[in-house]
Structures are given as C-alpha cells and as structure tokens.
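Q: Attaching a single structure in structure tokens format; questions to follow.
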Amino acid sequence: MHQPTRLRTDNLSHAFGITNTAPRLCWTPPLGTVRQTAYQLTASNGWDTGRVESAGHSYVPYTGPDLGSRDRFEWKVRTWDRSPDGTGIASAWSEPLAVEIGLLRPEDWSAKWIGPDEPVIPAPEERPAYALHRDFTLDAVPESARAYATAHGIYELFVNGRRVGDQELTPGSTSYHSTLQVQAFDVTPFLRAGTNTVRAVLTDGWYRGTFGFTRDVDMYGMQTALLVQVELESGGARTVIGTDESWLVSPTEIAAADLMAGQHVDFRLLRDAGVSGHAVPREGSFDTLSGPVAPPTRIVEELDPVSIRRLPNGNQVVDLGQNINGWVRLSRLGAPGHKVTLVYGEALGSGGDVSQDHLRPVDFKNPGHFLAAGQVDEVIASGAAGEVFEPRHTLHGFQYVSVQGLAEDLLPADIVGCMVQTDLEQMGTFSCSDTRLNTLHDIVEWSFRDNACEVPTDCPQREKAGWTGDWQLFVPTAAYLFDVAGFTRKWLNDVRADQWENGVIANISPSPGPDIISADFMAFTNGSSGWGDAIVMVPWEIHLATGDPGILEENWEAMNRWLGFVRGTAEGNRHPARAAARATPAPHEQYLWDTGFHFGEWMEPGGPAPDLFASKSADNGIVATAYYRHSAAILAKIADILGKDAAALELAELSENVRHAWEQEYLMADGTVECGTQANFVRALAFDLLPDTAKAAVTRQLVELIRDAGTHLGTGFLSTPYLLPVLADNGYVDLAYELLMQDSEPSWLVMVDRGATTMWEAWDGIAADGSARQSLNHYSKGAVVSFLHRYTAGLRQAAGSAGWGDVIIEPRPGAGLTSASTSHRGPQGLLEVDWITDDGVLTLTATVPSGTTAEVRLPGERATAVGPGTHTFIAPAPAPATGALTFTDLARSAL
C-alpha cells in the first residue's frame, strides 16, 4: 500500500530549531492517487485531526497543542483516494517527520553576547579569526543536549574538537538589524563524561567584512560578536552553559578572513596559540533572533580537477572544468614556513594563468581606477602531520585556481573544489535531441546553483549581492527547476525589512538599511522600475509555482507600499522634457511614471554603455510605466485571491488606466511604438499594453528589427526572458527557434560554443580571441530555458492555475529537434512529458499526478483532457508554424 511522501514543515524537510509556532504542513499524495478526498494528521504530542474531508495537502495549518520553546513532536499523515463507490480508499501512514522548536523568547536566553577585546580594529581584509571557548565538566553524558548559536559575523562551532554540523557560513546572510538566524544543533553525540570544551571560531563575514561592487565595509557594525547557549537535559533537569565573560579568547591559525578578499592561514600560529584573555560583553539583540526558514547552506558537491598545468613562471593552474561557488580543499601545502598563494578566477589570460582583470569593480569614488578583484587565499604550513587548508570563512566564484609558490607538483588527489550553495531540492529536468541545447540547460542550472548561496545573488565573485532585478527575472525558471519556496521566503523577509519608509524597495537585499544606504553617493539608484517591482512579481511567481496564498498575504502590505510610491511619483511629477513639450499635462499623464532614476532596459546589445548618473535625469517612462501597469495588474489578481474585493476592483481600474496612458503616450497613430526597440516591442506584447488591433503590427515591427539585425536578438536585461515566448505566442515560433539556435553574437549558443560552463553577464563574455569581459556567472539570461520547458517540451500551467493543478501539454517542436522531455515535481506530484518524432509521426507520453487535469494539444488533433496516470498520444509531426496564435494562456506567468 502506498503512502504520502515528501513531507515538509514550512517548506523544510528538517524543521529543527524553527521559531514559527503555527507551522504549515505539506505532503505529496501517494503514488497512484486519483484525487485525494480526505486526510488525517496525527502527532506525537497528542494532536489528531481525525478524518478531514479535503483535497488539500499543501500548507495545511498545524492546529495541535500550543507550541513553546524546545517543544518537539513528530507528525504523520494518511490520505483517502477517490473510489468508485464514493467511500474512499485509505492509504498507509506516511513516515513521520520530526519538528523541534527553538528558543522563542528573549527570556529563554541566559547566554550573553560576547566578543574578543580589540583595542585597535585591524584594517578591512586583514582582520583575524578569534576562538572563543569554555571548558565544563560532566559526571555523565546527558540524555539530550542542544546548542543554539549565532553571531555577528561568521562562526564555526566545535565540541571537543569536532566540528558541529555540516552547515557553512553560519549564521547566514540576512538583514541583520531585523533578522539574525539561530542554528540549533543536537550535540548529544559530541559529549563525554569528564571535561568537555565548546569552542567557536569567529570572523567578519557579511556583518563587518567588505561586500559588493563598491566593497563597503562595517555595514552592520564595527565589532564581531558571538552568542551560544548549550542546554543539557537529564531526568527533567536542565543545565545551561552560555556565553559570558568567563569564556576565553585565543588566536587561531586564520590570520585574516574576508568574504570578498579571501582567507589567509598560518598554521604556525597554533604553536603558541595561548589564551589572550577573557571575552568582553557585546551589544546584541535577542528580539531579532529567528530559526531557519530556508534549507541550510552546505558543500553539496566536490569536484576533482580535470587538469593541472605547471607554467613557465612556476605557477600551477588547476582547472575544475566547471565554474563554481565555494573554495578548494588543499592537502599538499609545501615546505613549512613557506607561503602558498591561491588566486581564484573564471578565465585564463593569454599566458595561461588565471586572469582577474574582468572582475575588478570600477572605483566610483576614484574615476578611472579599479578596485581589487579579491579572491586570493594564502596558506603557510607548520609541518605538523595532517594539515589541510580549507578556507571556510570566505567565498569565491571560480573555475581555475593559480597555485603559486608551491615547489612540489600537485596531484589530482591534492586539491578538490568544494561547491557551496543553499541545499535546494531539484524539481525539474529537461533534455532533447540537440546536444548544444542540453549543454545550454546545464550551464543555466549551474549558474543558478552558483548564485543560490543564502540569497539569490547576481554573481558569486565580483558582488555576491541579492539584486532584486535579477531574481524577479529568473524566479519562474528557478521555481520550475528547484524548490525555492523557503529560499525565496527567507529573502523576501529581508526585502520587506529593507523597504524604505516612502515605499522604495532597496536594489539589494539583504541590506544594512536606508540610513546606511542613504549616506552613500549611490543611494539615488534605489527605487527603479523592474527592480523594485520584484516585491510584487517574486511572491506572485512563488504562488503560481506552489499554490501558496500565504506568501501573497505576507507581502501584501509591502507590495502596496511599493505601488503607493510608484503612484505618488507618477501623479506628482512630470519629466522636464514632457513639461517643455506640453505646458498643460494631458489627463493620462497622471499615470505615466517618467521621473526618478531607472536602470532602464540595461545592457542592450549594441546600445550605449550604462551610465548611472545620466539615468538620474533620463526619461525612462516607456519602461517604467510598463512595469507600473504590470505590477498593478498582478496586485489586482493578488487582491482577488486574498478576498480583498474592493482593492481588487480599484487595482484593476488603476492597471487599465496605466495601460491606456502607456498606449496614449507611446503607441503612435500609425501603429508604431515610440522608441521602437526590440525591448519595447517585447515588453508591450508581454505586459499586455496594446489593444488587440495593434498586436499584429507591433509583432511585425519586432520581427523586422530582428531580421534587420541579421536574425539576432537586441533585447537587454529586462526583456530578454520574454523574447522567445512573445514570438511564439504571436505566430513566429520558427523565428524564436532561429534566435535560440543562433551561433554568432549576440546569442546563447555563443556561450556554449566558446566553452562556457555558466551564463555570462555580457553576450561576449569570452570574446573570439579568448579574452574575458565582465562576470562569467550571471544567471538572468538563462531564463531562456523556460522556453525549452514550456514550448519545446510543451509543459506549462494553464491560465488561472496555481500549484500545477491544471496544466497544458503542447509541444511546439522546431529547429529540427526530433525529441524532447521534461519533468517537474510540483505540489501534486511528478509531471512528465516525453515526445519523439519518427517518420512523420509524433509520439507523446505524459505522466499526470494526483489531483491534476492536463489538456493535451497536438497538431491536427482535438484537445484532449486527461487525469492522473500515464498516457500516450500519436499525431502527425507538426510542420513549421506560420499562423498567428490566439491562446492567452501561453504567457510567461498566468495573469
């Protein structure tokens, strides 16, 4: 008998130390279920729902006994399937899932915030690690022992010399002024009768280390701090050992550690590493402490070198064969007292050594100069047996490592690449008959994984920053390929916390807050269209992927504050150029968002170089007003889902008024669009800005621009994800495939053909001569693979569906492909589509999970609705598409 699977508590498979006392529970119905009709939940704390008549199995609220600090229970579920006689068929009970609550209240903490005494704080990038430790004696091993730990900085926890847990970069990256994560560990197996030692190693991390493109420092404070509470329980009695001034501070082998710059280790420092003194009290909040919301960050994969080459200059260049996020583990350290330097990078220079020139940020405060790229580690061996260098207090984006100063030849077994990311479960797959498209899909997956480290970053080397614009573009693709619900919810908590009083959404989250940002000369760039709109678009996409209305409710207020900022700016300001042209504003102008800073389309091929300062006064109304309309339209639908009927009507009216204003201002009488670029045409079609009568003409203009460019794309950062779907939806699927398969710049396959293992920031990231430009690990352009899932393989959600309850299966083959397959593990279970063409016949096999209805559309055949099970269909292989389509549910998101 089958049983429910994939149990989750608040999106977590390991809900240990959580601080939500009203968790929500999810499960996947048993294999073979047609449609769940009822469920029963029971828990070890006495909770029993009895049989509940419901098809619901996602985000079911816990309604058992009130939960308090340290409470632990296991829950399990069984379900009933629809049966012919209507009585239902009961499943077996699921395996239980444990839940443990962390410390909920400030008064649960007897531990104090402490830190090392630093009379003089070393310069940034030169700050050492400190060990804070305490001994304690036990008569016997306790029945249960928990350690709760967090820090201002990065910490590693050790008990009796053994590292506790496998999490990396703890406590993780959050907006520390509002949220600081606490990790809970079961340390019972680490303890022994007699003397025990608890020890933590503390470094700068995100808290006070250098960060981002501008290498800001001390963003959250000037001093690191540690908070640890070990609780021992036996026979109902609890003993607490917490950080306080009795803890001792010692130097470590880590002479310097910085997330951006790198880590320097001198093992000789351990020879005389005596105690330097007692810890001192630190200021720290207990009100901002929070348990986990997302899966932890771990080493998820280890990569052996594909080659190691000794250069004439003596350096040894290690090639992992894959661009990754993380560090290396080096076990051959050379002669005692001799420094070995490791320089990490994504590309090689003309001499074959690692090049970092393309990763050096512009120094905005010193025009014409560049900042250092960082990513340099150093290690000095002491000669003690077993020394291994693994820099866990920094983070690098790299494929190559230049090992300098090591006389001995490295062997493959001496060095391994450690891939570090938030441990996300894979949910989607794709493959087809074209090897280059399969490679493209692979490099997109790798690029996202490299940037899924604590928060969705733009790149893992130069910035490591949670740019809002990047995630709003890629989140639909990410949510198909991986379970990013908890990961995104954690990030959105920071986005809301970082929102300014006037409603502006910060460009980057986590952020130290508007007071810090406002003091910087780059503060004016916050509040841009396409970036700030992430607060609306990202929760919406997660709702579509999961069916969870809770993520909409959580962000409702922040969404409205953002839209209020946009609306106020549009109604209260006119662009000077527009005011000069028309002294009296036209009625529709109150809905034009044409003032303030906007990044605009950003990095259009062949367009002008980005100029932030010029953008302060430029008229980007054609882009910004489009996003105003789009966010208002989404928010109207969110209001409807949340039962906010009056708000839904008001927002729908606002959305239509903004759409009309865009049409009045930017759609010319002859059917052309002002500022007629590929990007503006694409956006007009994707965001439904046009009357039906204008869509065909605008599409033709888009096609003409593409053909005039030699069948090359000309879209930039914001509109590229929509380009191929817009063409396919409007009758030009063959042209969409031509662009997809284009192999000269700018195109996706140029990256494949030039050996990329991750997506590039620039279309010519590696030039024809092999030189590197900008970041070689930016995932946003990789949103193109959603076209492969939804059009090539043919699996997408139906309009109006959320959580994959209703799907459309409609493969749109092209480019000579003879087969394609895709799968997605949604809330209902595993969806699979596989098709192959042979001798003019298309054979499609589809697997539909419980509670799901699929409409199968094949060329020359009537649409067929099918339910759960595996189904096979045969139809004539499609000829190249020529006619325009009218399906409204082919859009990127079901709006």
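Order determines the names: the first chain of the structure tokens is A, the second B, and so forth; residues in each chain are numbered 1 upward, and ligands are numbered 1 upward as they are shown.
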If you count only C-alpha atoms, which residues fall within 9 Å of A:Arg796, apart from same-chain ones fewer than 6 positions away, as a list in words?
A: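 Result of the neighbour search: His789, Arg790, Trp804, Asp806, Val807, Ile808, Ile809, Glu810 and Leu890 of chain A.
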Q: Write a file of the just-selected residues containing N, CA, C and O atoms, as a PDB file, in the first residue's frame.
A:
```pdb
ATOM      1  N   HIS A 789      11.259  24.338 -21.548  1.00  0.00           N
ATOM      2  CA  HIS A 789      10.294  23.583 -20.749  1.00  0.00           C
ATOM      3  C   HIS A 789       8.878  23.738 -21.292  1.00  0.00           C
ATOM      4  O   HIS A 789       8.147  22.748 -21.441  1.00  0.00           O
ATOM      5  N   ARG A 790       8.489  24.986 -21.589  1.00  0.00           N
ATOM      6  CA  ARG A 790       7.083  25.295 -21.844  1.00  0.00           C
ATOM      7  C   ARG A 790       6.690  25.173 -23.301  1.00  0.00           C
ATOM      8  O   ARG A 790       5.514  24.950 -23.616  1.00  0.00           O
ATOM      9  N   TRP A 804       0.087  23.950 -10.029  1.00  0.00           N
ATOM     10  CA  TRP A 804       0.112  22.904 -11.046  1.00  0.00           C
ATOM     11  C   TRP A 804      -1.087  21.951 -10.961  1.00  0.00           C
ATOM     12  O   TRP A 804      -0.984  20.772 -11.274  1.00  0.00           O
ATOM     13  N   ASP A 806      -3.829  22.463 -12.863  1.00  0.00           N
ATOM     14  CA  ASP A 806      -4.290  22.365 -14.248  1.00  0.00           C
ATOM     15  C   ASP A 806      -3.123  22.721 -15.155  1.00  0.00           C
ATOM     16  O   ASP A 806      -2.496  23.779 -14.990  1.00  0.00           O
ATOM     17  N   VAL A 807      -2.852  21.857 -16.104  1.00  0.00           N
ATOM     18  CA  VAL A 807      -1.691  22.057 -16.964  1.00  0.00           C
ATOM     19  C   VAL A 807      -2.084  21.903 -18.426  1.00  0.00           C
ATOM     20  O   VAL A 807      -3.100  21.272 -18.758  1.00  0.00           O
ATOM     21  N   ILE A 808      -1.259  22.502 -19.264  1.00  0.00           N
ATOM     22  CA  ILE A 808      -1.362  22.347 -20.710  1.00  0.00           C
ATOM     23  C   ILE A 808      -0.131  21.584 -21.175  1.00  0.00           C
ATOM     24  O   ILE A 808       0.992  21.917 -20.788  1.00  0.00           O
ATOM     25  N   ILE A 809      -0.340  20.573 -21.984  1.00  0.00           N
ATOM     26  CA  ILE A 809       0.761  19.846 -22.611  1.00  0.00           C
ATOM     27  C   ILE A 809       0.650  20.079 -24.111  1.00  0.00           C
ATOM     28  O   ILE A 809      -0.260  19.595 -24.766  1.00  0.00           O
ATOM     29  N   GLU A 810       1.564  20.882 -24.634  1.00  0.00           N
ATOM     30  CA  GLU A 810       1.511  21.257 -26.046  1.00  0.00           C
ATOM     31  C   GLU A 810       2.918  21.481 -26.577  1.00  0.00           C
ATOM     32  O   GLU A 810       3.423  22.595 -26.591  1.00  0.00           O
ATOM     33  N   LEU A 890      -0.528  31.225 -22.915  1.00  0.00           N
ATOM     34  CA  LEU A 890       0.855  30.884 -23.198  1.00  0.00           C
ATOM     35  C   LEU A 890       1.826  31.857 -22.554  1.00  0.00           C
ATOM     36  O   LEU A 890       3.022  31.775 -22.752  1.00  0.00           O
TER      37      LEU A 890
END
```
Q: At a cut-off of 9 Å, using only C-alpha atoms, what residues contact A:Leu723? Leave out same-chain residues fewer than 2 positions from it and give the result as a ChimeraX atom specification.
A: /A:678-679,682-683,686,713,715,719-721,725-728,736,784
Q: From the options A:Ile114, A:Phe213, A:Phe524, A:Gly56, which residue's atoms come nearest to A:Phe364, counting only C-alpha atoms?
A: A:Phe213
Q: Measuring atom to atom with only C-alpha atoms, identify which of A:Ala485, A:Ile622, A:Leu635, A:Ala193 is nearest to A:Ala558.
A: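 Closest candidate: A:Leu635.
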Q: Between A:Asp764, A:Glu665, A:Glu704, A:Glu168, which residue has the minimum interatomic distance to A:Pro296, considering only C-alpha atoms?
A: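 Ranking A:Asp764, A:Glu665, A:Glu704, A:Glu168 by distance to A:Pro296, first place goes to A:Glu168.
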